[in-house]
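Trainee: Pasting data-v1.json here (JSON, C-alpha atoms):
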```json
[["chain", "number", "residue", "atom", "x", "y", "z"],
["I", 24, "MET", "CA", 0.00, 0.00, 0.00],
["I", 25, "VAL", "CA", 2.85, 2.39, 0.77],
["I", 26, "GLU", "CA", 4.17, 2.01, -2.77],
["I", 27, "MET", "CA", 0.76, 2.76, -4.23],
["I", 28, "ILE", "CA", 0.31, 5.89, -2.12],
["I", 29, "THR", "CA", 3.75, 7.29, -2.92],
["I", 30, "SER", "CA", 3.31, 6.52, -6.62],
["I", 31, "LEU", "CA", 0.11, 8.59, -6.63],
["I", 32, "SER", "CA", 1.54, 11.46, -4.59],
["I", 33, "SER", "CA", 5.30, 11.77, -4.22],
["I", 34, "ASP", "CA", 5.13, 14.71, -1.78],
["I", 35, "ILE", "CA", 3.39, 12.72, 0.97],
["I", 36, "SER", "CA", 5.39, 11.20, 3.82],
["I", 37, "VAL", "CA", 4.09, 7.73, 4.72],
["I", 38, "PHE", "CA", 4.87, 5.83, 7.92],
["I", 39, "GLU", "CA", 3.90, 2.37, 9.15],
["I", 40, "ALA", "CA", 3.28, 0.99, 12.63],
["I", 41, "GLY", "CA", 2.79, -2.62, 13.67],
["I", 42, "THR", "CA", 2.45, -2.28, 17.46],
["I", 43, "THR", "CA", 0.80, 0.08, 19.94],
["I", 44, "SER", "CA", 4.22, 1.29, 21.06],
["I", 45, "SER", "CA", 5.21, 2.32, 17.53],
["I", 46, "PHE", "CA", 1.75, 3.84, 17.14],
["I", 47, "GLY", "CA", 2.31, 6.02, 20.20],
["I", 48, "ALA", "CA", 5.84, 6.94, 19.14],
["I", 49, "ILE", "CA", 4.69, 8.20, 15.76],
["I", 50, "MET", "CA", 1.67, 10.06, 17.16],
["I", 51, "THR", "CA", 3.79, 11.93, 19.71],
["I", 52, "SER", "CA", 6.66, 12.79, 17.39],
["I", 53, "ARG", "CA", 4.92, 13.78, 14.14],
["I", 54, "GLU", "CA", 1.89, 15.68, 12.89],
["I", 55, "ILE", "CA", -0.30, 12.97, 11.40],
["I", 56, "GLU", "CA", -3.15, 14.00, 9.10],
["I", 57, "MET", "CA", -4.63, 10.65, 8.11],
["I", 58, "ILE", "CA", -4.50, 7.12, 9.51],
["I", 59, "LEU", "CA", -5.53, 3.91, 7.74],
["I", 60, "ILE", "CA", -6.10, 1.25, 10.41],
["I", 61, "ASP", "CA", -6.48, -2.48, 9.79],
["I", 62, "GLU", "CA", -9.36, -4.02, 11.74],
["I", 63, "HIS", "CA", -7.01, -6.89, 12.65],
["I", 64, "PHE", "CA", -4.28, -4.70, 14.06],
["I", 65, "MET", "CA", -1.57, -6.95, 15.45],
["I", 66, "ASP", "CA", -1.73, -6.61, 19.21],
["I", 67, "ILE", "CA", -5.04, -5.00, 20.18],
["I", 68, "GLY", "CA", -7.26, -4.69, 17.09],
["I", 69, "GLY", "CA", -8.20, -1.70, 14.98],
["I", 70, "LEU", "CA", -11.30, -0.67, 16.95],
["I", 71, "ALA", "CA", -9.37, -0.60, 20.22],
["I", 72, "LEU", "CA", -6.69, 1.46, 18.55],
["I", 73, "LEU", "CA", -9.30, 3.94, 17.31],
["I", 74, "GLU", "CA", -10.19, 4.62, 20.94],
["I", 75, "GLN", "CA", -6.64, 5.82, 21.57],
["I", 76, "VAL", "CA", -6.42, 8.26, 18.65],
["I", 77, "SER", "CA", -8.17, 11.14, 20.45],
["I", 78, "HIS", "CA", -5.76, 10.86, 23.39],
["I", 79, "PHE", "CA", -3.03, 12.43, 21.26],
["I", 80, "GLY", "CA", -4.76, 15.79, 20.77],
["I", 81, "THR", "CA", -5.77, 16.79, 17.25],
["I", 82, "VAL", "CA", -7.66, 13.89, 15.70],
["I", 83, "PRO", "CA", -6.55, 13.09, 12.14],
["I", 84, "ILE", "CA", -8.81, 11.67, 9.45],
["I", 85, "THR", "CA", -9.18, 8.00, 10.35],
["I", 86, "VAL", "CA", -10.13, 5.17, 8.01],
["I", 87, "LEU", "CA", -10.92, 1.61, 9.11],
["I", 88, "MET", "CA", -9.90, -1.17, 6.72],
["I", 89, "ALA", "CA", -11.38, -4.69, 6.80],
["I", 90, "GLU", "CA", -11.93, -7.62, 4.44],
["I", 91, "THR", "CA", -15.64, -7.68, 5.28],
["I", 92, "PHE", "CA", -18.00, -5.31, 7.05],
["I", 93, "ASP", "CA", -21.28, -5.88, 8.85],
["I", 94, "GLU", "CA", -23.68, -3.45, 10.51],
["I", 95, "GLU", "CA", -22.14, -4.00, 13.93],
["I", 96, "LEU", "CA", -18.59, -3.25, 12.80],
["I", 97, "ILE", "CA", -19.68, -0.17, 10.88],
["I", 98, "ALA", "CA", -21.69, 1.11, 13.87],
["I", 99, "LYS", "CA", -18.67, 0.72, 16.15],
["I", 100, "ALA", "CA", -16.41, 2.47, 13.65],
["I", 101, "VAL", "CA", -18.83, 5.40, 13.34],
["I", 102, "LYS", "CA", -19.07, 5.60, 17.13],
["I", 103, "HIS", "CA", -15.30, 6.10, 17.22],
["I", 104, "GLY", "CA", -15.55, 8.94, 14.71],
["I", 105, "VAL", "CA", -14.06, 7.33, 11.59],
["I", 106, "TYR", "CA", -14.10, 9.29, 8.38],
["I", 107, "ASP", "CA", -14.75, 6.16, 6.33],
["I", 108, "CYS", "CA", -14.54, 2.38, 6.04],
["I", 109, "VAL", "CA", -12.65, 0.73, 3.18],
["I", 110, "ARG", "CA", -12.65, -2.91, 2.15],
["I", 111, "LEU", "CA", -9.39, -4.86, 1.89],
["I", 112, "PRO", "CA", -7.57, -5.30, -0.40],
["I", 113, "VAL", "CA", -7.77, -1.56, -0.99],
["I", 114, "ALA", "CA", -8.52, -0.49, -4.56],
["I", 115, "GLN", "CA", -6.43, 2.22, -6.16],
["I", 116, "SER", "CA", -9.58, 4.28, -6.72],
["I", 117, "GLU", "CA", -10.13, 4.30, -2.95],
["I", 118, "ILE", "CA", -6.59, 5.56, -2.32],
["I", 119, "GLU", "CA", -7.09, 8.29, -4.94],
["I", 120, "ARG", "CA", -10.32, 9.35, -3.23],
["I", 121, "LEU", "CA", -8.69, 9.48, 0.21],
["I", 122, "LEU", "CA", -5.73, 11.46, -1.11],
["I", 123, "LYS", "CA", -8.13, 14.02, -2.55],
["I", 124, "ARG", "CA", -9.73, 14.39, 0.88],
["I", 125, "LEU", "CA", -6.26, 14.71, 2.41],
["I", 126, "GLU", "CA", -5.37, 17.43, -0.09],
["I", 127, "ALA", "CA", -8.41, 19.43, 1.04],
["I", 128, "LEU", "CA", -6.89, 19.66, 4.54],
["I", 129, "HIS", "CA", -4.33, 22.12, 3.17],
["I", 130, "LYS", "CA", -6.87, 24.46, 1.57],
["I", 131, "GLN", "CA", -7.89, 27.54, 3.58],
["I", 132, "LEU", "CA", -11.35, 28.42, 2.30],
["I", 133, "SER", "CA", -12.58, 32.01, 2.48],
["I", 134, "VAL", "CA", -16.24, 31.89, 3.58],
["I", 135, "LEU", "CA", -18.93, 34.53, 4.11],
["I", 136, "ILE", "CA", -22.12, 33.99, 6.15],
["I", 137, "VAL", "CA", -24.98, 36.25, 5.01],
["I", 138, "ASP", "CA", -27.84, 36.27, 7.53],
["I", 139, "GLN", "CA", -29.57, 39.21, 9.20],
["I", 140, "LYS", "CA", -30.22, 37.32, 12.45],
["I", 141, "PRO", "CA", -27.23, 37.37, 14.87],
["I", 142, "PRO", "CA", -28.23, 34.11, 16.67],
["I", 143, "ALA", "CA", -28.45, 32.30, 13.33],
["I", 144, "ARG", "CA", -25.06, 33.63, 12.25],
["I", 145, "LYS", "CA", -23.57, 32.48, 15.55],
["I", 146, "ILE", "CA", -24.87, 28.92, 15.09],
["I", 147, "ILE", "CA", -23.70, 28.72, 11.48],
["I", 148, "TYR", "CA", -20.32, 30.20, 12.39],
["I", 149, "LYS", "CA", -19.87, 27.49, 15.04],
["I", 150, "LEU", "CA", -20.80, 24.73, 12.59],
["I", 151, "LEU", "CA", -18.32, 26.01, 10.00],
["I", 152, "GLN", "CA", -15.59, 26.56, 12.59],
["I", 153, "GLU", "CA", -15.92, 22.97, 13.84],
["I", 154, "SER", "CA", -15.85, 21.49, 10.35],
["I", 155, "SER", "CA", -12.84, 19.37, 9.37],
["I", 156, "PHE", "CA", -12.44, 21.70, 6.38],
["I", 157, "LYS", "CA", -10.34, 24.78, 7.14],
["I", 158, "MET", "CA", -12.26, 28.03, 6.77],
["I", 159, "ASN", "CA", -11.55, 31.72, 7.23],
["I", 160, "ILE", "CA", -15.05, 32.95, 8.13],
["I", 161, "SER", "CA", -16.59, 36.43, 7.80],
["I", 162, "GLU", "CA", -20.15, 37.63, 8.43],
["I", 163, "ALA", "CA", -22.58, 40.04, 6.80],
["I", 164, "GLU", "CA", -25.98, 41.05, 8.20],
["I", 165, "SER", "CA", -27.32, 42.37, 4.89],
["I", 166, "GLY", "CA", -27.18, 41.67, 1.19],
["I", 167, "THR", "CA", -25.82, 45.15, 0.60],
["I", 168, "LEU", "CA", -22.86, 44.50, 2.92],
["I", 169, "ALA", "CA", -22.29, 41.09, 1.30],
["I", 170, "ILE", "CA", -22.00, 42.67, -2.16],
["I", 171, "SER", "CA", -19.66, 45.34, -0.79],
["I", 172, "LEU", "CA", -17.40, 42.75, 0.85],
["I", 173, "CYS", "CA", -17.30, 40.69, -2.34],
["I", 174, "ARG", "CA", -15.87, 43.68, -4.18],
["I", 175, "SER", "CA", -12.64, 43.46, -2.17],
["I", 176, "ILE", "CA", -12.46, 39.95, -0.69],
["I", 177, "PRO", "CA", -12.14, 36.84, -2.91],
["I", 178, "TYR", "CA", -14.66, 34.59, -1.19],
["I", 179, "GLN", "CA", -14.84, 30.97, -2.27],
["I", 180, "ILE", "CA", -18.14, 30.10, -0.56],
["I", 181, "LEU", "CA", -21.15, 32.17, 0.55],
["I", 182, "PHE", "CA", -23.78, 30.73, 2.88],
["I", 183, "VAL", "CA", -26.84, 32.93, 2.40],
["I", 184, "ASP", "CA", -30.27, 33.16, 3.98],
["I", 185, "PRO", "CA", -32.29, 34.60, 1.06],
["I", 186, "ASP", "CA", -34.62, 36.46, 3.46],
["I", 187, "THR", "CA", -31.74, 38.68, 4.54],
["I", 188, "GLU", "CA", -32.47, 42.38, 4.07],
["I", 189, "GLY", "CA", -30.89, 43.74, 0.90],
["I", 190, "TRP", "CA", -30.45, 40.31, -0.72],
["I", 191, "GLN", "CA", -32.15, 40.61, -4.09],
["I", 192, "GLY", "CA", -32.40, 36.97, -5.06],
["I", 193, "ALA", "CA", -31.03, 35.75, -8.36],
["I", 194, "ASP", "CA", -29.88, 39.27, -9.31],
["I", 195, "THR", "CA", -27.52, 39.37, -6.32],
["I", 196, "VAL", "CA", -26.19, 35.91, -7.13],
["I", 197, "ARG", "CA", -25.43, 36.99, -10.69],
["I", 198, "LYS", "CA", -23.71, 40.20, -9.53],
["I", 199, "ILE", "CA", -21.42, 38.32, -7.15],
["I", 200, "ILE", "CA", -20.57, 35.55, -9.61],
["I", 201, "HIS", "CA", -19.89, 38.10, -12.35],
["I", 202, "ARG", "CA", -17.25, 39.64, -10.07],
["I", 203, "GLN", "CA", -16.03, 36.34, -8.59],
["I", 204, "PRO", "CA", -16.67, 33.48, -11.07],
["I", 205, "TRP", "CA", -15.03, 30.96, -8.73],
["I", 206, "CYS", "CA", -17.40, 31.77, -5.83],
["I", 207, "ARG", "CA", -19.93, 29.11, -4.80],
["I", 208, "ILE", "CA", -23.20, 30.43, -3.34],
["I", 209, "ILE", "CA", -25.27, 28.21, -1.06],
["I", 210, "LEU", "CA", -28.78, 29.17, 0.04],
["I", 211, "MET", "CA", -29.88, 28.14, 3.54],
["I", 212, "SER", "CA", -33.53, 28.46, 4.48],
["I", 213, "PRO", "CA", -36.30, 26.86, 6.55],
["I", 214, "ASN", "CA", -38.44, 27.02, 3.40],
["I", 215, "SER", "CA", -38.59, 24.06, 1.07],
["I", 216, "LYS", "CA", -36.07, 23.68, -1.71],
["I", 217, "SER", "CA", -38.76, 23.16, -4.34],
["I", 218, "ASP", "CA", -40.46, 26.45, -3.44],
["I", 219, "LEU", "CA", -37.27, 28.49, -3.34],
["I", 220, "LEU", "CA", -34.98, 27.31, -6.13],
["I", 221, "PRO", "CA", -37.14, 27.95, -9.24],
["I", 222, "SER", "CA", -36.66, 31.71, -8.79],
["I", 223, "TYR", "CA", -32.89, 31.16, -8.89],
["I", 224, "ASP", "CA", -32.91, 29.17, -12.14],
["I", 225, "LYS", "CA", -29.82, 29.86, -14.28],
["I", 226, "SER", "CA", -28.46, 32.28, -11.70],
["I", 227, "GLY", "CA", -25.34, 30.23, -10.98],
["I", 228, "LEU", "CA", -26.43, 29.04, -7.53],
["I", 229, "SER", "CA", -24.35, 26.10, -6.27],
["I", 230, "GLY", "CA", -26.46, 24.47, -3.58],
["I", 231, "PHE", "CA", -29.07, 24.51, -0.84],
["I", 232, "LEU", "CA", -29.18, 23.67, 2.88],
["I", 233, "LYS", "CA", -32.47, 23.44, 4.72],
["I", 234, "LYS", "CA", -32.41, 25.10, 8.12],
["I", 235, "PRO", "CA", -31.71, 23.77, 10.63],
["I", 236, "PHE", "CA", -28.82, 21.79, 9.22],
["I", 237, "TYR", "CA", -26.22, 19.70, 11.01],
["I", 238, "PRO", "CA", -22.50, 18.83, 10.73],
["I", 239, "ARG", "CA", -23.22, 15.81, 8.54],
["I", 240, "ASP", "CA", -25.26, 17.94, 6.11],
["I", 241, "LEU", "CA", -22.43, 20.45, 5.91],
["I", 242, "ASP", "CA", -19.87, 17.70, 5.40],
["I", 243, "HIS", "CA", -21.84, 16.24, 2.49],
["I", 244, "LEU", "CA", -22.16, 19.67, 0.91],
["I", 245, "MET", "CA", -18.44, 20.43, 1.25],
["I", 246, "HIS", "CA", -17.51, 17.16, -0.44],
["I", 247, "GLY", "CA", -19.63, 18.15, -3.41],
["I", 248, "LEU", "CA", -18.28, 21.70, -3.61],
["I", 249, "LEU", "CA", -14.67, 20.46, -3.50],
["I", 250, "GLU", "CA", -15.43, 17.58, -5.90],
["I", 251, "ILE", "CA", -14.37, 14.94, -3.40],
["I", 252, "PRO", "CA", -16.18, 11.59, -3.87],
["I", 253, "ARG", "CA", -18.47, 10.74, -0.96],
["I", 254, "GLN", "CA", -17.53, 8.19, 1.69],
["I", 255, "ASN", "CA", -18.48, 4.54, 1.53],
["I", 256, "LEU", "CA", -20.42, 5.18, 4.75],
["I", 257, "ASN", "CA", -22.97, 7.04, 2.63],
["I", 258, "ASN", "CA", -23.84, 3.72, 0.98],
["I", 259, "ARG", "CA", -23.47, 1.12, 3.70],
["I", 260, "HIS", "CA", -25.37, -1.53, 1.77],
["I", 261, "ALA", "CA", -22.72, -1.53, -0.96],
["I", 262, "LEU", "CA", -19.98, -1.58, 1.68],
["I", 263, "ILE", "CA", -21.48, -4.65, 3.36],
["I", 264, "ASP", "CA", -22.26, -6.53, 0.15],
["I", 265, "LYS", "CA", -19.32, -8.66, -0.93],
["I", 266, "VAL", "CA", -17.76, -7.38, -4.16],
["I", 267, "GLU", "CA", -14.92, -9.17, -5.89],
["I", 268, "ALA", "CA", -11.88, -6.88, -6.02],
["I", 269, "ASP", "CA", -9.93, -6.36, -9.21],
["I", 270, "PRO", "CA", -6.44, -7.74, -8.41],
["I", 271, "VAL", "CA", -4.82, -5.38, -10.92],
["I", 272, "GLN", "CA", -6.29, -2.31, -9.25],
["I", 273, "THR", "CA", -5.79, -3.26, -5.61],
["I", 274, "CYS", "CA", -2.92, -3.21, -3.19],
["I", 275, "ASP", "CA", -1.81, -6.03, -0.92],
["I", 276, "ARG", "CA", -3.21, -6.52, 2.56],
["I", 277, "PRO", "CA", -1.02, -4.50, 4.95],
["I", 278, "SER", "CA", -0.38, -7.40, 7.37],
["I", 279, "GLY", "CA", -2.01, -5.78, 10.36],
["I", 280, "GLU", "CA", -0.05, -2.55, 10.10],
["I", 281, "ILE", "CA", -1.22, 1.05, 10.04],
["I", 282, "VAL", "CA", -0.42, 3.38, 7.22],
["I", 283, "TRP", "CA", 0.14, 6.99, 8.22],
["I", 284, "LEU", "CA", 0.00, 10.05, 5.96]]
```
If you took the structure in this file and wrote it as structure tokens, what would it be?

Mentor:
Amino acid sequence: MVEMITSLSSDISVFEAGTTSSFGAIMTSREIEMILIDEHFMDIGGLALLEQVSHFGTVPITVLMAETFDEELIAKAVKHGVYDCVRLPVAQSEIERLLKRLEALHKQLSVLIVDQKPPARKIIYKLLQESSFKMNISEAESGTLAISLCRSIPYQILFVDPDTEGWQGADTVRKIIHRQPWCRIILMSPNSKSDLLPSYDKSGLSGFLKKPFYPRDLDHLMHGLLEIPRQNLNNRHALIDKVEADPVQTCDRPSGEIVWL
């Protein structure tokens, strides 16, 4: 697996651990951003090892690998906060997907919250701040201020309540995108998507979140905006069903070791 990872991305440092002692040594001496853990980790098992990850401070993206998954194993993995579950032997396409998620860790996204209600802005700010995606967050209490800020700040994502004073619907979206073609504008509203979106047809809108929304909703949205394929955990049935792996496109079982990125 190490060879496959380094062949796909030569600028990534990869480490391996086969015991809890080497696990601890690496976690305390290096900044680890992603861990791929074998369910059958040599001395204590992958699930038990997952319990220890949070003890080392900042929790990296964790992935549990196993030859087969059932509902119980997946539930335990989710309980321990895994990013995803991947079947062994690991397909190259899975490694490519995980590397794309890893790459997103290094992107600092410039984000603007547009909502006239201070309590709502506070909640949304907290959700964005706690996301695993890095964001530099600003706020605007009116559409007029949002347009003004967009004249000088290159925002990548706007989260907008369309009922905000001074927000003029599709016209405002078009004005902002004309100035910042790379900007992605997401509407967030307690109103239904089907009632709201027709008036924004062909405006360049990038998405919708129904209020109230939660960390998982935000995570799904961010994957789409950054063009990162969704996790296997979003389709657990396919993860549980046994699928024959293509031996040409897979890497060897890592013999109970952990791969670190």

Trainee: Rounded to one decimal in Å, what is the spacing between CA of Pro204 (chain I) and CA of Trp190 (chain I)?

Mentor: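 About the pair CA of Pro204 (chain I) and CA of Trp190 (chain I): they are 18.5 Å apart.
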
Trainee: Work out how far apart CA of Val196 (chain I) and CA of Leu168 (chain I) are and give it in Å to one decimal.

Mentor: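 Going from CA of Val196 (chain I) over to CA of Leu168 (chain I), I get 13.6 Å.
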
Trainee: Find, counting only C-alpha atoms, the residue in I:Leu125, I:Val37, I:Glu90, I:His103 that gets nearest to His246 (chain I).

Mentor: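 Closest to His246 (chain I) of all the choices is I:Leu125.
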
Trainee: Provide the CA of Ala163 (chain I) to CA of Pro177 (chain I) distance in Å, to one decimal place.

Mentor: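 The value is 14.6 Å.
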
Trainee: Find, counting only C-alpha atoms, the residue in I:Ser116, I:Ser32, I:Gln139, I:Thr81 that gets nearest to Ser155 (chain I).

Mentor: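 Using only C-alpha atoms, the shortest distance to Ser155 (chain I) belongs to I:Thr81.
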
Trainee: Compile the contact shell of Thr85 (chain I) as a count of residues only: residues with an atom at most 6 Å away, counting all atoms listed in the file, same-chain residues fewer than 6 positions apart removed.

Mentor: 4

Trainee: Hey, could you make a per-residue contact list for region 109-223 of chain I against region 62-76 of chain I with 12 Å as the cut-off, showing the nearest pair of atoms and its distance in Å to one decimal, counting all atoms listed in the file, sorted by chain and number, as a Markdown table?

Mentor:
```
| residue | atom | partner | partner_atom | distance |
| --- | --- | --- | --- | --- |
| I:Val109 | CA | I:Glu62 | CA | 10.3 |
| I:Arg110 | CA | I:Glu62 | CA | 10.2 |
| I:Leu111 | CA | I:Glu62 | CA | 9.9 |
```

Trainee: Would you kindly return, as a PyMOL selection string, each protein, DNA or RNA residue with an atom no farther than 7 Å from any atom of Cys108 (chain I), considering all atoms listed in the file and excluding same-chain residues fewer than 5 positions away?

Mentor: chain I and resi 86-88+255-256

Trainee: What's around Ile136 (chain I) at 9 Å? Count all atoms listed in the file, leave out sequence neighbours fewer than 6 positions away in its own chain, and write the answer as a list of chain:residue names.

Mentor: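 In the requested format, the answer is I:Arg144, I:Ile147, I:Tyr148, I:Ile160, I:Ser161, I:Glu162, I:Ala163, I:Glu164, I:Ala169, I:Ile180, I:Leu181, I:Phe182, I:Val183, I:Asp184.
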
Trainee: Identify which of the residues I:Pro213, I:Gly166, I:Ser226, I:Thr187 lies closest to Ile200 (chain I), counting only C-alpha atoms when measuring atom-to-atom distances.

Mentor: I:Ser226

Trainee: Between I:Leu232, I:Leu262, I:Ile55, I:Ala98, which one has atoms that come closest to Ser36 (chain I), using all atoms listed in the file?

Mentor: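 Checking each candidate against Ser36 (chain I), we get I:Ile55 as the closest.
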
Trainee: Box time for region 106-124 of chain I: axis-aligned, enclosing all its listed atoms, 6 Å extra on each side; report centre and edge lengths in Å to one decimal, as AutoDock Vina command-line options.

Mentor:
```
--center_x -10.2 --center_y 4.5 --center_z 0.8 --size_x 21.0 --size_y 31.7 --size_z 27.1
```

Trainee: Which residue gives the smallest distance to Lys198 (chain I) among I:Gly227, I:Gly104, I:Pro252, I:Pro235, with only C-alpha atoms counted?

Mentor: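 Once distances to Lys198 (chain I) are computed over only C-alpha atoms, the minimum belongs to I:Gly227.
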
Trainee: Applying 8 Å and all atoms listed in the file, which residues near Leu128 (chain I) remain after dropping the ones on its own chain fewer than 4 positions away? List them as a PDB file with C-alpha atoms, keeping the file's coordinate frame.

Mentor:
```pdb
ATOM      1  CA  ARG I 124      -9.730  14.390   0.880  1.00  0.00           C
ATOM      2  CA  SER I 155     -12.840  19.370   9.370  1.00  0.00           C
ATOM      3  CA  PHE I 156     -12.440  21.700   6.380  1.00  0.00           C
ATOM      4  CA  LYS I 157     -10.340  24.780   7.140  1.00  0.00           C
TER       5      LYS I 157
END
```

Trainee: Could you write region 90-103 of chain I of the block just shown to a file containing N, CA and C atoms, as a short mmCIF file (atom, residue, chain, number, x, y, z; two decimals), in the first residue's frame?

Mentor:
```
data_model
loop_
_atom_site.label_atom_id
_atom_site.label_comp_id
_atom_site.auth_asym_id
_atom_site.auth_seq_id
_atom_site.Cartn_x
_atom_site.Cartn_y
_atom_site.Cartn_z
N GLU I 90 -11.57 -6.79 5.61
CA GLU I 90 -11.93 -7.62 4.44
C GLU I 90 -13.43 -7.67 4.25
N THR I 91 -14.18 -7.69 5.34
CA THR I 91 -15.64 -7.68 5.28
C THR I 91 -16.18 -6.76 6.36
N PHE I 92 -17.33 -6.17 6.08
CA PHE I 92 -18.00 -5.31 7.05
C PHE I 92 -19.42 -5.82 7.30
N ASP I 93 -19.88 -5.66 8.54
CA ASP I 93 -21.28 -5.88 8.85
C ASP I 93 -21.79 -4.65 9.60
N GLU I 94 -23.08 -4.62 9.87
CA GLU I 94 -23.68 -3.45 10.51
C GLU I 94 -23.04 -3.14 11.86
N GLU I 95 -22.71 -4.19 12.61
CA GLU I 95 -22.14 -4.00 13.93
C GLU I 95 -20.76 -3.33 13.85
N LEU I 96 -19.93 -3.82 12.94
CA LEU I 96 -18.59 -3.25 12.80
C LEU I 96 -18.65 -1.80 12.34
N ILE I 97 -19.53 -1.53 11.38
CA ILE I 97 -19.68 -0.17 10.88
C ILE I 97 -20.17 0.77 11.99
N ALA I 98 -21.15 0.29 12.78
CA ALA I 98 -21.69 1.11 13.87
C ALA I 98 -20.60 1.44 14.89
N LYS I 99 -19.75 0.48 15.20
CA LYS I 99 -18.67 0.72 16.15
C LYS I 99 -17.65 1.70 15.57
N ALA I 100 -17.37 1.57 14.29
CA ALA I 100 -16.41 2.47 13.65
C ALA I 100 -16.94 3.91 13.66
N VAL I 101 -18.22 4.07 13.34
CA VAL I 101 -18.83 5.40 13.34
C VAL I 101 -18.82 5.99 14.74
N LYS I 102 -19.08 5.15 15.74
CA LYS I 102 -19.07 5.60 17.13
C LYS I 102 -17.71 6.19 17.51
N HIS I 103 -16.65 5.63 16.94
CA HIS I 103 -15.30 6.10 17.22
C HIS I 103 -14.88 7.26 16.32
#
```
